[in-house]
Amino acid sequence: MIKTGAGIIVFLVLVAILAPYIAPYKPYEQNLRERLQPPSKRHILGTDELGRDVFSRLVYGTRVSLSVGIVAVGISVLIGVTVGLVSGYFGGAVDAILMRFVDVMLSIPVFFLLLMVIAYIGPSIYNVMIVIGVTSWPSLARIVRAETLSVSKRNFVFSAKAFGFSKLRILFIHILPNVIAPVIVSATLGVGGAILVESALSFLGLGVQPPTPSWGNMLTSGKDYLGIAWWLSVFPGVAILITVLAWNLLGEGLRRCLK
Amino acid sequence: MLEIRNLKVAYKRDGKRYLILRGVDLSVGENETVGILGESGCGKSTLALSILRLLKRNVEFVSGSILYKGEDILRLSEEELRKIRGGEIGIIFQHPFSSLNPCMKIGKQIEEVVRLHSSVYTVSELLKTVGLKDVEKIKNSYPHELSGGMIQRCMLAIALAGDPEILIADEPTTALDKMLEKEIIDLLKELVMKKNLSLIFISHNLGLIKYLTKKVYVMYAGVVVEEGKTDEVLSSPLHPYTEVLIESYPKKGRIKYFEGDVVDIENLPGGCKFHPRCPYVFEDCKWKEPKLFLKNNRFVRCLRQEK
């Protein structure tokens with residue numbers, strides 16, 4: 001499970017890095033004479049309505065999907081872990097306030113929130129990363145808080161206090177490494193989710209803006225030609241499927257072996 | 001050097017306050033070895049933890065003072081307190097295995113404390129001081145890779161890192177087997193001599209107290225019931241509780257059991273707290289709480305001795 005997932009992810013990362021060497025054409029290169037060509041030897045995954053090579057755009061789209069997924073989850077982990085640690089360790093009023101805020105966040109439908117915020121601050125790849133990150137941390141904070149609660153009752157935390165360590169030092173040096181395992185699992189699973197959200201936002205035109213290729217906006221432009229050019233929507237769809245599946249496999253595998 | 005005066009500590013449960021320590025006085029001089037003896041629940045650990053203000057959240061100080069070199073520990077700021085913890089006063093605990101961070105190498109954990117207190121010792125020196133060989137290997141091990149005895153030695157190394165004046169040992173060998181117990185206790189004795197430490201040794205084990213300490217406090221139900229030179233107290237006890245403790249200490253394969261329940265601090269009896277279990281109980285004991293008074297060069301809290 002881990003091997004399959006990690007294998008696909010390593011492959012995708014390589015594709016993203018080596019995109020200029022893998023893609024036979026430039027992703028923006030139009031060739032109106034070869035519009036809507038089905039897969040062939042010249043264009044192995046066909047061409048779109050502007051005659052751009054679908055395979056090349058798909059390869060460059062890997063960069064967008066992976067970076068959005070990883071950066072968004074990075075932001076989410078940063079906020080979620082901090083909030084969870086502080087909440088679980090300090091307890092009392094701090095805990096109550098932070099957790100009620102988490103409850104509020106969790107009670108708002110995330111996608112609705114995403115749409116609203118993006119509509120307000122404007123669509124761009126950076127905004128998408130930030131907004132997905134900022135809206136997806138609450139569940140992580142809850143996991144970390146629960147772990148922190150149980151770890152901070154253990155003797156070594158008590159003895160660290162007796163040795164004279166400050167609270168912050170205890171929290172980040174002694175507690176954090178002991179709560180990180182479920183965070184890794186949850187973050188890995190989260191990357192797949194973030195990639196899906198990015199695709200969905202791009203599909204709705206609120207994510208990555210054309211002409212920058214993203215699997216989501218490739219799906220959008222493909223939907224108008226679904227009847228005559230199936231390759232426009234099927235290949236980006238399959239790419240999303242494989243990527244999300246890979247992250248989920250990795251996450252699920254990690255969960256099993258970290259238990 | 002350390003002077004505890006009329007210390008009262010309580011814990012809260014369901015909005016009620018129950019006293020765990022009901023006015024304890026204790027003093028530790030320079031290079032003095034002091035034992036605190038008593039059964040589970042008598043408040044001896046609470047006393048030890050109070051000295052470093054390590055009490056749990058639901059436990060609070062009610063009154064009294066803990067003077068260390070003339071300064072009241074109870075009035076120190078967090079920052080000043082942290083310098084005392086592990087710096088001036090080192091402590092080791094009962095459960096060596098769980099006392100170290102499971103995902104950090106031993107060397108790094110000791111290093112942290114060494115840096116925190118800007119110790120004059122290096123990690124290797126400390127590990128050698130506590131009698132560990134193969135120092136490099138131990139530094140690169142995780143806690144689960146070492147035995148209980150080795151870990152307790154590492155804990156001692158950490159406690160000594162800040163070059164403390166006082167070492168508190170809270171039942172340091174309870175979780176170890178008898179062979180290791182002897183090793184650790186001998187090590188403790190040697191270190192106390194070599195480094196001119198004052199020692200506060202908490203135990204329910206008479207033998208260890210006798211071996212390690214010069215002065216002893218016998219505690220029962222949150223107060224000191226007898227205080228004096230260890231050999232005198234243990235050879236001719238004045239308080240019936242001390243007497244009972246000595247009698248029930250196993251001798252040559254014989255164990256004499258002592259009837260009665262461990263004291264329940266949520267439900268203390270009136271008068272002398274020991275009277276329900278006391279073999280010499282008389283009428284006054286049931287309503288009059290005895291005070292600690294001086295007799296034959298030691299302090300005792302018993303009405304029978306007052307007569």
# chains A, B, ... in the order shown; residues from 1 in each chain; ligands from 1
$ interface_residues --of "chain A" --to "chain B" --cutoff "9 Å" --atoms "only C-alpha atoms" --output "CSV table (one decimal) with N, CA and C atoms, in the first residue's frame"
chain,number,residue,atom,x,y,z
A,154,ARG,N,1.7,12.0,30.6
A,154,ARG,CA,2.8,11.0,30.8
A,154,ARG,C,3.9,11.5,31.7
A,155,ASN,N,4.6,10.6,32.3
A,155,ASN,CA,5.6,10.9,33.3
A,155,ASN,C,6.7,11.8,32.8
A,156,PHE,N,7.1,11.5,31.5
A,156,PHE,CA,8.3,12.2,31.1
A,156,PHE,C,8.1,13.7,30.9
A,157,VAL,N,6.8,14.1,30.7
A,157,VAL,CA,6.5,15.5,30.6
A,157,VAL,C,6.6,16.1,32.0
A,158,PHE,N,6.1,15.4,33.0
A,158,PHE,CA,6.2,15.8,34.4
A,158,PHE,C,7.7,16.0,34.8
A,159,SER,N,8.5,15.0,34.4
A,159,SER,CA,9.9,15.1,34.8
A,159,SER,C,10.6,16.2,34.1
A,160,ALA,N,10.2,16.4,32.8
A,160,ALA,CA,10.8,17.6,32.1
A,160,ALA,C,10.6,18.9,32.9
A,161,LYS,N,9.4,19.0,33.4
A,161,LYS,CA,9.1,20.2,34.2
A,161,LYS,C,10.0,20.2,35.5
A,162,ALA,N,10.2,19.1,36.1
A,162,ALA,CA,11.0,19.0,37.3
A,162,ALA,C,12.5,19.3,37.0
A,163,PHE,N,12.9,19.1,35.7
A,163,PHE,CA,14.3,19.5,35.4
A,163,PHE,C,14.4,21.0,35.1
A,164,GLY,N,13.3,21.7,35.1
A,164,GLY,CA,13.4,23.1,34.9
A,164,GLY,C,13.1,23.6,33.5
A,165,PHE,N,12.6,22.8,32.6
A,165,PHE,CA,12.2,23.3,31.3
A,165,PHE,C,11.0,24.2,31.3
A,166,SER,N,11.0,25.2,30.4
A,166,SER,CA,9.9,26.1,30.3
A,166,SER,C,8.8,25.4,29.6
A,174,HIS,N,9.4,18.2,23.7
A,174,HIS,CA,9.0,16.9,24.3
A,174,HIS,C,7.6,16.4,23.9
A,175,ILE,N,6.7,17.3,23.7
A,175,ILE,CA,5.3,16.8,23.3
A,175,ILE,C,5.2,16.6,21.8
A,177,PRO,N,7.1,15.9,19.2
A,177,PRO,CA,7.5,14.7,18.5
A,177,PRO,C,6.6,13.5,18.8
A,178,ASN,N,6.0,13.5,20.0
A,178,ASN,CA,5.2,12.4,20.4
A,178,ASN,C,3.8,12.4,19.9
$ residues_around --residues "Phe293 of chain B" --least-positions-apart "5" --cutoff "12 Å" --atoms "only C-alpha atoms" --output "CSV table (one decimal) with C-alpha atoms, in the first residue's frame"
chain,number,residue,atom,x,y,z
B,224,VAL,CA,4.8,14.6,61.0
B,225,VAL,CA,4.2,12.2,63.9
B,226,GLU,CA,7.8,11.7,64.9
B,227,GLU,CA,11.1,13.4,64.0
B,228,GLY,CA,14.6,12.6,65.2
B,238,LEU,CA,8.1,7.0,70.6
B,239,HIS,CA,5.0,7.1,68.4
B,298,ARG,CA,13.1,14.4,69.4
B,299,PHE,CA,9.7,15.5,68.4
B,300,VAL,CA,6.6,13.3,68.7
B,301,ARG,CA,2.9,13.8,68.2
B,302,CYS,CA,1.2,11.5,70.7
B,303,LEU,CA,-0.9,12.0,73.8
B,304,ARG,CA,0.4,8.9,75.5
B,305,GLN,CA,3.9,10.4,75.4
B,306,GLU,CA,2.7,13.7,76.8
B,307,LYS,CA,1.4,12.1,80.0
$ residues_around --residues "His275 of chain B" --least-positions-apart "4" --cutoff "8 Å" --atoms "only C-alpha atoms" --output "mmCIF file with C-alpha atoms, in the first residue's frame"
data_model
loop_
_atom_site.group_PDB
_atom_site.id
_atom_site.type_symbol
_atom_site.label_atom_id
_atom_site.label_comp_id
_atom_site.auth_asym_id
_atom_site.auth_seq_id
_atom_site.Cartn_x
_atom_site.Cartn_y
_atom_site.Cartn_z
ATOM 1 C CA GLY B 271 -8.831 13.574 67.639
ATOM 2 C CA VAL B 281 -5.600 4.103 72.234
ATOM 3 C CA CYS B 285 -7.188 10.220 71.737
ATOM 4 C CA LYS B 286 -10.671 10.205 70.237
#
$ select_by_dssp --residues "segment 26-151 of chain A" --states "helix (DSSP H, G or I)" --output "ChimeraX atom specification"
/A:32-34,54-90,92-107,110-121,125-135,138-151
$ atom_distance --atom1 "atom CA of Gly84 of chain A" --atom2 "atom CA of Val151 of chain A"
12.4 Å
$ closest_residue --among "A:Leu189, A:Leu206, A:Leu78, A:Val110" --to "Tyr126 of chain A" --atoms "only C-alpha atoms"
A:Leu206
$ residues_around --residues "Ile79 of chain A" --least-positions-apart "3" --cutoff "9 Å" --atoms "only C-alpha atoms" --output "JSON, numbers by chain"
{"A": [74, 75, 76, 82, 83, 84, 133, 134, 137, 138, 140, 141]}
$ residues_around --residues "Ile143 of chain A" --least-positions-apart "2" --cutoff "12 Å" --atoms "only C-alpha atoms" --output "VMD selection string"
chain A and resid 77 80 to 85 87 to 88 99 102 137 to 141 145 to 150 179 to 187
$ residues_around --residues "segment 10-14 of chain B" --least-positions-apart "6" --cutoff "6 Å" --atoms "only C-alpha atoms" --output "list in words"
Ile20, Asn58, Val59 and Glu60 of chain B
$ write_last_selection --atoms "C-alpha atoms" --output "short mmCIF file (atom, residue, chain, number, x, y, z; two decimals), in the first residue's frame"
data_model
loop_
_atom_site.label_atom_id
_atom_site.label_comp_id
_atom_site.auth_asym_id
_atom_site.auth_seq_id
_atom_site.Cartn_x
_atom_site.Cartn_y
_atom_site.Cartn_z
CA ILE B 20 -3.26 16.43 52.10
CA ASN B 58 -6.25 20.50 41.30
CA VAL B 59 -3.80 20.64 44.21
CA GLU B 60 -3.03 23.99 45.82
#
$ atom_distance --atom1 "atom CA of Val34 of chain B" --atom2 "atom CA of Tyr68 of chain B"
15.4 Å
